[in-house]
Amino acid sequence: MSSLIRVVVILLSCAASALAAVPTQKFSVQYSLSDPAVPAAVKETPASQEWKGKGPVPGLREFAREKAGAIWLGSDDGAARFDPKGSHRWDRWQYFYGRRWLADNAVRNIVVDESSDVRKVWIRTTNGVACLEWRPMTLEQKAAYFEERIAARHVRYGMVADSHLSVAGDVKSNALSDSDNDGLWTAIYLGAQCYRYAVTGSAEARSNAWRSVQLLMRLEEISGIPGFPARSFVAAGQRKDHGEWHPTPDGQWLWKADTSSDESVGHYYGYALYFDLVANAAEKTAILKVVARLTDHLIRNDYDLIDLDGKPTRWGQWSERYFQTEEGKYEAALRCIELLAFLKTAQHITGDSKYAAAYQDRIRRGYAKHMKDYRRWPGGGEINFSDDELAYLSYDPLLRYEKNPELRAIYLDGLRFTWGQVRPSLNPLWNYISVASRAGQLSDEVRAESRLVLERIPVDMIKWSMKNSHRQDVTFRPSEDRFERRQITEVLAPDERPVEKWNSNPFIPDGGSGGHSEDDGGYFLLAYWMGRYLKAVE
């Protein structure tokens with residue numbers, strides 16, 4: 001064999017291997033029982049074989065096998081795929097339940113079609129037929145798919161948030177509405193676009209990011225209180241949820257008050273990333289001004305958010321006075337992480353020495369020492385996954401900007417402990433922030449588990465009702481969560497549990513809204529593009 005031919009053979013072999021390595025994403029296409037597109041074999045009643053082993057639910061019967069050996073089983077409680085070669089527990093057993101995957105849960109036949117590049121599995125139930133398709137799709141293509149959905153159904157006045165579906169599962173019935181944390185969810189999307197721009201130089205990513213920055217600025221402006229961002233806003237006369245609403249002087253808008261720490265964390269996090277990764281000189285000046293107003297409001301009011309009534313908001317308090325209350329003693333560790341991140345970010349963006357002085361003053365008053373108690377509460381404390389999100393989004397800029405070795409040692413000790421506590425949730429964003437902050441190494445295990453989660457987050461972001469508490473392959477913790485819900489011991493694959501953002505408890509087996517809302521998916525985009533930025537994801 002000549003050298004040239006040998007090179008061609010090697011290249012063809014590599015190309016074939018690369019094609020084979022392209023991951024797939026699961027899609028479910030629903031059909032009626034009488035639809036002519038449904039293969040005749042699916043409509044038959046086969047002689048299924050009783051499954052002797054133990055699977056996710058009892059009563060499983062074997063209906064079909066894939067060429068590679070995976071077995072398809074069905075029951076009156078959904079379908080399951082068993083792959084004896086699966087390298088991860090999520091791959092060994094996969095469970096399909098509810099409207100995300102099936103017309104109903106009473107499985108009557110399963111037919112596997114592997115005649116094309118897209119593997120199809122037809123599952124007939126009592127009321128219809130679902131065709132599960134494994135479509136080749138890289139994570140970058142998946143991210144683009146999410147972007148298209150957000151552009152189509154999830155942008156309201158620049159805010160990126162969930163949409164409501166008046167007809168369950170029908171995206172054509174969607175209507176955008178406000179939420180308590182429109183600023184935070186938009187900031188998470190903003191962070192994703194910043195990392196996307198840093199990785200790809202995409203003009204679209206830059207445009208999306210700047211639109212999100214302008215939205216955050218609008219939230220601060222619309223309240224009429226310098227440095228006090230609104231939770232959300234709607235046009236006068238539009239649908240709005242419960243909460244504290246105020247009209248703008250011109251009567252054109254209503255803005256939502258009682259702003260929480262969630263919103264403040266989101267604003268500082270988003271501004272910091274855009275300032276560092278995207279902004280030009282003019283944009284930096286604009287961000288500098290709004291960050292100064294946000295921080296001046298806190299300093300002027302003894303580190304509390306002061307609402308129109310002249311009082312601190314319910315969840316916008318970082319003052320020493322608040323730490324003396326019973327609630328504040330528990331909240332102090334997290335609030336100290338947040339406030340030090342605000343002040344350090346303001347110092348970094350503005351270069352103004354008064355923010356450095358305020359930061360050092362809080363250090364002298366023990367704010368850094370309080371941080372060590374996060375998730376180490378004396379006497380115990382409840383686990384709040386929303387607090388974990390706020391802690392991580394605050395640790396990220398704080399450790400990016402703090403250079404003092406003594407302070408970094410304190411902060412890293414807290415983050416390392418927190419990371420150890422949250423690792424069982426297999427959260428890729430917490431993994432990436434921990435690695436970027438130098439709290440740990442990007443080991444092969446961290447890299448692999450993070451990518452697996454990104455791959456298994458469903459492409460369908462509709463919040464279908466999901467149930468896993470009836471499964472015989474899950475075990476329960478002895479304690480309930482803070483909402484008195486039962487918790488399982490190990491997280492299930494994301495496509496087998498309810499669609500939830502990173503602030504939710506992944507150990508809750510059941511949930512969803514019956515298909516009446518659709519998540520924007522920004523939580524996936526932020527983790528994915530940060531992973532790309534860190535070269536943790538190819």
# chains A, B, ... in the order shown; residues from 1 in each chain; ligands from 1
>>> residues_around(residues="Trp529 in chain A", least_positions_apart="3", cutoff="10 Å", atoms="only C-alpha atoms", output="ChimeraX atom specification")
/A:139-140,143,191-200,429,524-526,532-537
>>> select_by_dssp(residues="range 64-196 of chain A", states="helix (DSSP H, G or I)", output="mmCIF file with C-alpha atoms, in the first residue's frame")
data_model
loop_
_atom_site.group_PDB
_atom_site.id
_atom_site.type_symbol
_atom_site.label_atom_id
_atom_site.label_comp_id
_atom_site.auth_asym_id
_atom_site.auth_seq_id
_atom_site.Cartn_x
_atom_site.Cartn_y
_atom_site.Cartn_z
ATOM 1 C CA ARG A 89 -26.367 3.847 35.515
ATOM 2 C CA TRP A 90 -28.322 6.377 33.465
ATOM 3 C CA ASP A 91 -27.443 4.481 30.276
ATOM 4 C CA ARG A 92 -28.017 0.995 31.657
ATOM 5 C CA LEU A 139 -24.122 19.887 21.955
ATOM 6 C CA GLU A 140 -23.436 22.982 19.844
ATOM 7 C CA GLN A 141 -26.362 22.060 17.594
ATOM 8 C CA LYS A 142 -28.464 21.491 20.691
ATOM 9 C CA ALA A 143 -27.526 24.968 21.929
ATOM 10 C CA ALA A 144 -28.566 26.432 18.569
ATOM 11 C CA TYR A 145 -31.893 24.587 18.865
ATOM 12 C CA PHE A 146 -32.421 26.194 22.279
ATOM 13 C CA GLU A 147 -31.554 29.624 20.873
ATOM 14 C CA GLU A 148 -34.196 29.248 18.158
ATOM 15 C CA ARG A 149 -36.831 28.354 20.733
ATOM 16 C CA ILE A 150 -35.923 31.316 22.955
ATOM 17 C CA ALA A 151 -36.114 33.724 20.002
ATOM 18 C CA ALA A 152 -39.497 32.296 18.976
ATOM 19 C CA ARG A 153 -41.278 32.160 22.332
ATOM 20 C CA VAL A 171 -46.460 25.756 21.891
ATOM 21 C CA LYS A 172 -48.727 27.682 19.516
ATOM 22 C CA SER A 173 -50.824 28.587 22.574
ATOM 23 C CA ASP A 182 -37.164 38.060 35.322
ATOM 24 C CA GLY A 183 -33.915 39.904 35.987
ATOM 25 C CA LEU A 184 -32.115 36.822 37.294
ATOM 26 C CA TRP A 185 -33.251 34.526 34.469
ATOM 27 C CA THR A 186 -32.263 37.147 31.908
ATOM 28 C CA ALA A 187 -28.856 37.511 33.589
ATOM 29 C CA ILE A 188 -28.305 33.764 33.291
ATOM 30 C CA TYR A 189 -29.101 33.967 29.576
ATOM 31 C CA LEU A 190 -26.797 37.003 29.366
ATOM 32 C CA GLY A 191 -23.976 34.993 30.912
ATOM 33 C CA ALA A 192 -24.476 32.268 28.308
ATOM 34 C CA GLN A 193 -24.266 34.798 25.473
ATOM 35 C CA CYS A 194 -21.112 36.351 26.931
ATOM 36 C CA TYR A 195 -19.342 33.000 26.993
ATOM 37 C CA ARG A 196 -20.706 32.144 23.557
#
>>> atom_distance(atom1="CA of Val42 in chain A", atom2="CA of Trp464 in chain A")
25.1 Å
>>> residues_around(residues="range 327-335 of chain A", least_positions_apart="6", cutoff="12 Å", atoms="only C-alpha atoms", output="PyMOL selection string")
chain A and resi 260-262+264-265+303-304+314-321+341-342+362+366-384+386-395+411+414-415+418
>>> write_last_selection(atoms="C-alpha atoms", output="PDB file, in the first residue's frame")
ATOM      1  CA  SER A 260     -34.944  40.277  46.276  1.00  0.00           C
ATOM      2  CA  SER A 261     -31.311  39.267  46.586  1.00  0.00           C
ATOM      3  CA  ASP A 262     -31.876  36.960  43.603  1.00  0.00           C
ATOM      4  CA  SER A 264     -29.230  41.805  42.749  1.00  0.00           C
ATOM      5  CA  VAL A 265     -27.045  38.716  42.339  1.00  0.00           C
ATOM      6  CA  TYR A 303     -26.561  47.589  52.749  1.00  0.00           C
ATOM      7  CA  ASP A 304     -30.295  47.065  52.357  1.00  0.00           C
ATOM      8  CA  ARG A 314     -38.318  41.208  52.263  1.00  0.00           C
ATOM      9  CA  TRP A 315     -35.259  39.454  50.794  1.00  0.00           C
ATOM     10  CA  GLY A 316     -32.973  42.384  49.988  1.00  0.00           C
ATOM     11  CA  GLN A 317     -31.081  42.802  53.256  1.00  0.00           C
ATOM     12  CA  TRP A 318     -27.327  42.540  53.829  1.00  0.00           C
ATOM     13  CA  SER A 319     -26.989  44.825  56.877  1.00  0.00           C
ATOM     14  CA  GLU A 320     -25.465  43.948  60.239  1.00  0.00           C
ATOM     15  CA  ARG A 321     -28.827  44.866  61.747  1.00  0.00           C
ATOM     16  CA  ALA A 341     -19.154  39.945  45.504  1.00  0.00           C
ATOM     17  CA  PHE A 342     -21.188  43.110  44.820  1.00  0.00           C
ATOM     18  CA  ARG A 362     -17.129  44.775  55.552  1.00  0.00           C
ATOM     19  CA  GLY A 366     -16.457  39.946  59.881  1.00  0.00           C
ATOM     20  CA  TYR A 367     -18.265  39.407  56.594  1.00  0.00           C
ATOM     21  CA  ALA A 368     -15.525  37.147  55.214  1.00  0.00           C
ATOM     22  CA  LYS A 369     -15.508  35.036  58.378  1.00  0.00           C
ATOM     23  CA  HIS A 370     -19.292  34.598  58.198  1.00  0.00           C
ATOM     24  CA  MET A 371     -18.902  32.999  54.772  1.00  0.00           C
ATOM     25  CA  LYS A 372     -17.377  29.848  56.201  1.00  0.00           C
ATOM     26  CA  ASP A 373     -20.739  28.928  57.736  1.00  0.00           C
ATOM     27  CA  TYR A 374     -22.505  28.497  54.396  1.00  0.00           C
ATOM     28  CA  ARG A 375     -23.867  24.928  54.407  1.00  0.00           C
ATOM     29  CA  ARG A 376     -22.058  24.526  57.768  1.00  0.00           C
ATOM     30  CA  TRP A 377     -24.756  26.177  59.874  1.00  0.00           C
ATOM     31  CA  PRO A 378     -24.136  25.789  63.615  1.00  0.00           C
ATOM     32  CA  GLY A 379     -26.834  23.447  64.880  1.00  0.00           C
ATOM     33  CA  GLY A 380     -27.817  22.462  61.338  1.00  0.00           C
ATOM     34  CA  GLY A 381     -29.941  24.210  58.753  1.00  0.00           C
ATOM     35  CA  GLU A 382     -32.181  23.550  55.802  1.00  0.00           C
ATOM     36  CA  ILE A 383     -30.760  22.826  52.361  1.00  0.00           C
ATOM     37  CA  ASN A 384     -31.936  25.443  49.878  1.00  0.00           C
ATOM     38  CA  SER A 386     -31.933  28.317  45.303  1.00  0.00           C
ATOM     39  CA  ASP A 387     -29.389  29.591  47.835  1.00  0.00           C
ATOM     40  CA  ASP A 388     -26.751  27.382  46.224  1.00  0.00           C
ATOM     41  CA  GLU A 389     -27.412  29.143  42.924  1.00  0.00           C
ATOM     42  CA  LEU A 390     -27.015  32.565  44.542  1.00  0.00           C
ATOM     43  CA  ALA A 391     -23.841  31.450  46.310  1.00  0.00           C
ATOM     44  CA  TYR A 392     -22.255  30.153  43.115  1.00  0.00           C
ATOM     45  CA  LEU A 393     -23.202  33.181  41.020  1.00  0.00           C
ATOM     46  CA  SER A 394     -21.580  35.324  43.731  1.00  0.00           C
ATOM     47  CA  TYR A 395     -18.475  33.197  44.287  1.00  0.00           C
ATOM     48  CA  TYR A 411     -13.264  32.067  50.028  1.00  0.00           C
ATOM     49  CA  GLY A 414     -15.988  27.872  51.625  1.00  0.00           C
ATOM     50  CA  LEU A 415     -16.389  27.060  47.946  1.00  0.00           C
ATOM     51  CA  THR A 418     -19.918  23.770  49.171  1.00  0.00           C
TER      52      THR A 418
END
>>> residues_around(residues="Ile299 in chain A", least_positions_apart="2", cutoff="12 Å", atoms="only C-alpha atoms", output="VMD selection string")
chain A and resid 227 292 to 297 301 to 306 317 to 319 339 342 to 343 346 354 to 355 357 to 359 361 to 362
>>> write_last_selection(atoms="C-alpha atoms", output="compact mmCIF listing (two decimals), in the first residue's frame")
# COMPACT_ATOMS: atom_id res chain seq x y z
CA GLY A 227 -29.85 51.86 42.17
CA ALA A 292 -22.15 52.53 40.66
CA ARG A 293 -25.80 53.45 41.24
CA LEU A 294 -26.66 49.90 42.37
CA THR A 295 -23.79 49.89 44.84
CA ASP A 296 -24.27 53.45 46.06
CA HIS A 297 -27.89 52.59 46.91
CA ASN A 301 -28.89 52.48 53.01
CA ASP A 302 -26.63 50.46 55.31
CA TYR A 303 -26.56 47.59 52.75
CA ASP A 304 -30.30 47.07 52.36
CA LEU A 305 -32.54 47.52 49.31
CA ILE A 306 -34.96 50.29 50.26
CA GLN A 317 -31.08 42.80 53.26
CA TRP A 318 -27.33 42.54 53.83
CA SER A 319 -26.99 44.83 56.88
CA LEU A 339 -22.41 41.53 49.34
CA PHE A 342 -21.19 43.11 44.82
CA LEU A 343 -18.56 45.39 46.31
CA ALA A 346 -18.14 47.42 41.69
CA LYS A 354 -14.69 54.08 47.70
CA TYR A 355 -15.90 50.59 46.78
CA ALA A 357 -12.90 50.96 51.10
CA ALA A 358 -16.45 49.68 51.60
CA TYR A 359 -15.28 46.16 50.79
CA ASP A 361 -14.84 47.80 55.91
CA ARG A 362 -17.13 44.77 55.55
>>> select_by_dssp(residues="range 58-163 of chain A", states="strand (DSSP E)", output="compact mmCIF listing (two decimals) with C-alpha atoms, in the first residue's frame")
# COMPACT_ATOMS: atom_id res chain seq x y z
CA ARG A 61 -42.67 -7.38 29.36
CA GLU A 62 -40.08 -7.64 26.59
CA PHE A 63 -41.28 -6.36 23.22
CA ALA A 64 -38.20 -5.68 21.07
CA ARG A 65 -34.40 -5.68 20.85
CA ILE A 71 -33.90 -4.57 25.21
CA TRP A 72 -37.20 -2.65 25.06
CA LEU A 73 -39.81 -3.37 27.70
CA GLY A 74 -43.27 -2.09 28.42
CA SER A 75 -45.80 -2.11 31.25
CA GLY A 78 -44.45 3.24 31.04
CA ALA A 79 -41.60 1.87 28.92
CA ALA A 80 -37.98 1.07 29.71
CA ARG A 81 -34.80 0.45 27.77
CA PHE A 82 -32.21 -1.92 29.25
CA TRP A 93 -31.67 1.67 32.43
CA GLN A 94 -33.69 4.43 30.75
CA TYR A 95 -37.29 5.00 31.80
CA PHE A 96 -40.00 6.61 29.64
CA VAL A 107 -47.71 0.20 26.74
CA ARG A 108 -49.21 -2.31 24.28
CA ASN A 109 -46.45 -2.72 21.68
CA ILE A 110 -42.91 -1.56 20.89
CA VAL A 111 -41.24 -1.75 17.48
CA VAL A 112 -37.59 -0.79 16.83
CA ASP A 113 -36.65 0.68 13.42
CA ARG A 119 -33.00 5.17 15.28
CA LYS A 120 -36.75 5.12 15.82
CA VAL A 121 -38.67 3.30 18.50
CA TRP A 122 -42.43 3.15 18.03
CA ILE A 123 -44.39 2.74 21.27
CA ARG A 124 -48.11 2.09 21.07
CA THR A 125 -50.16 2.76 24.18
CA VAL A 129 -48.47 6.09 19.37
CA ALA A 130 -45.20 7.79 20.23
CA CYS A 131 -42.19 7.59 17.94
CA LEU A 132 -39.00 8.14 19.92
CA GLU A 133 -36.23 9.33 17.63
CA TRP A 134 -32.50 9.41 18.43
CA ARG A 135 -31.38 12.23 16.13
CA PRO A 136 -27.64 12.92 15.67
CA VAL A 155 -38.25 37.12 24.82
CA ARG A 156 -40.49 39.79 26.37
CA MET A 159 -36.46 39.71 29.25
CA VAL A 160 -35.83 35.97 28.77
CA SER A 163 -43.85 31.04 28.58
>>> atom_distance(atom1="CA of Glu221 in chain A", atom2="CA of Phe233 in chain A")
11.2 Å
>>> residues_around(residues="Asn404 in chain A", least_positions_apart="6", cutoff="12 Å", atoms="only C-alpha atoms", output="list in words")
Lys344, Gln360, Leu398, Ile410, Tyr411 and Leu412 of chain A
>>> closest_residue(among="A:Ile508, A:Cys336, A:Ile462, A:Ala205", to="Thr475 in chain A", atoms="only C-alpha atoms")
A:Ile508
>>> atom_distance(atom1="CA of Gly59 in chain A", atom2="CA of Val459 in chain A")
29.3 Å
>>> closest_residue(among="A:Glu518, A:Glu66, A:Glu455, A:Asp481", to="Ser166 in chain A", atoms="only C-alpha atoms")
A:Glu518
>>> closest_residue(among="A:Ala68, A:Ile287, A:Ala203, A:Leu426", to="Pro494 in chain A", atoms="only C-alpha atoms")
A:Leu426
>>> decode(residues="range 322-334 of chain A", atoms="N, CA and C atoms", output="PDB file, in the first residue's frame")
ATOM      1  N   TYR A 322     -29.709  43.260  60.138  1.00  0.00           N
ATOM      2  CA  TYR A 322     -30.462  42.071  59.727  1.00  0.00           C
ATOM      3  C   TYR A 322     -29.838  40.810  60.315  1.00  0.00           C
ATOM      4  N   PHE A 323     -28.528  40.785  60.406  1.00  0.00           N
ATOM      5  CA  PHE A 323     -27.841  39.589  60.921  1.00  0.00           C
ATOM      6  C   PHE A 323     -28.125  39.345  62.409  1.00  0.00           C
ATOM      7  N   GLN A 324     -28.665  40.336  63.079  1.00  0.00           N
ATOM      8  CA  GLN A 324     -28.992  40.164  64.496  1.00  0.00           C
ATOM      9  C   GLN A 324     -30.350  39.495  64.692  1.00  0.00           C
ATOM     10  N   THR A 325     -31.157  39.434  63.625  1.00  0.00           N
ATOM     11  CA  THR A 325     -32.463  38.785  63.731  1.00  0.00           C
ATOM     12  C   THR A 325     -32.292  37.275  63.652  1.00  0.00           C
ATOM     13  N   GLU A 326     -33.317  36.545  64.079  1.00  0.00           N
ATOM     14  CA  GLU A 326     -33.240  35.088  64.047  1.00  0.00           C
ATOM     15  C   GLU A 326     -33.067  34.577  62.622  1.00  0.00           C
ATOM     16  N   GLU A 327     -33.821  35.150  61.704  1.00  0.00           N
ATOM     17  CA  GLU A 327     -33.695  34.753  60.302  1.00  0.00           C
ATOM     18  C   GLU A 327     -32.333  35.161  59.743  1.00  0.00           C
ATOM     19  N   GLY A 328     -31.898  36.356  60.102  1.00  0.00           N
ATOM     20  CA  GLY A 328     -30.643  36.877  59.585  1.00  0.00           C
ATOM     21  C   GLY A 328     -29.430  36.072  60.020  1.00  0.00           C
ATOM     22  N   LYS A 329     -29.502  35.468  61.210  1.00  0.00           N
ATOM     23  CA  LYS A 329     -28.381  34.631  61.668  1.00  0.00           C
ATOM     24  C   LYS A 329     -28.166  33.457  60.721  1.00  0.00           C
ATOM     25  N   TYR A 330     -29.263  32.882  60.247  1.00  0.00           N
ATOM     26  CA  TYR A 330     -29.168  31.773  59.292  1.00  0.00           C
ATOM     27  C   TYR A 330     -28.729  32.277  57.920  1.00  0.00           C
ATOM     28  N   GLU A 331     -29.248  33.448  57.510  1.00  0.00           N
ATOM     29  CA  GLU A 331     -28.973  33.976  56.174  1.00  0.00           C
ATOM     30  C   GLU A 331     -27.601  34.645  56.058  1.00  0.00           C
ATOM     31  N   ALA A 332     -26.948  34.923  57.173  1.00  0.00           N
ATOM     32  CA  ALA A 332     -25.745  35.761  57.167  1.00  0.00           C
ATOM     33  C   ALA A 332     -24.650  35.228  56.250  1.00  0.00           C
ATOM     34  N   ALA A 333     -24.393  33.929  56.278  1.00  0.00           N
ATOM     35  CA  ALA A 333     -23.289  33.379  55.483  1.00  0.00           C
ATOM     36  C   ALA A 333     -23.482  33.653  53.997  1.00  0.00           C
ATOM     37  N   LEU A 334     -24.676  33.357  53.484  1.00  0.00           N
ATOM     38  CA  LEU A 334     -24.949  33.594  52.065  1.00  0.00           C
ATOM     39  C   LEU A 334     -24.936  35.078  51.743  1.00  0.00           C
TER      40      LEU A 334
END
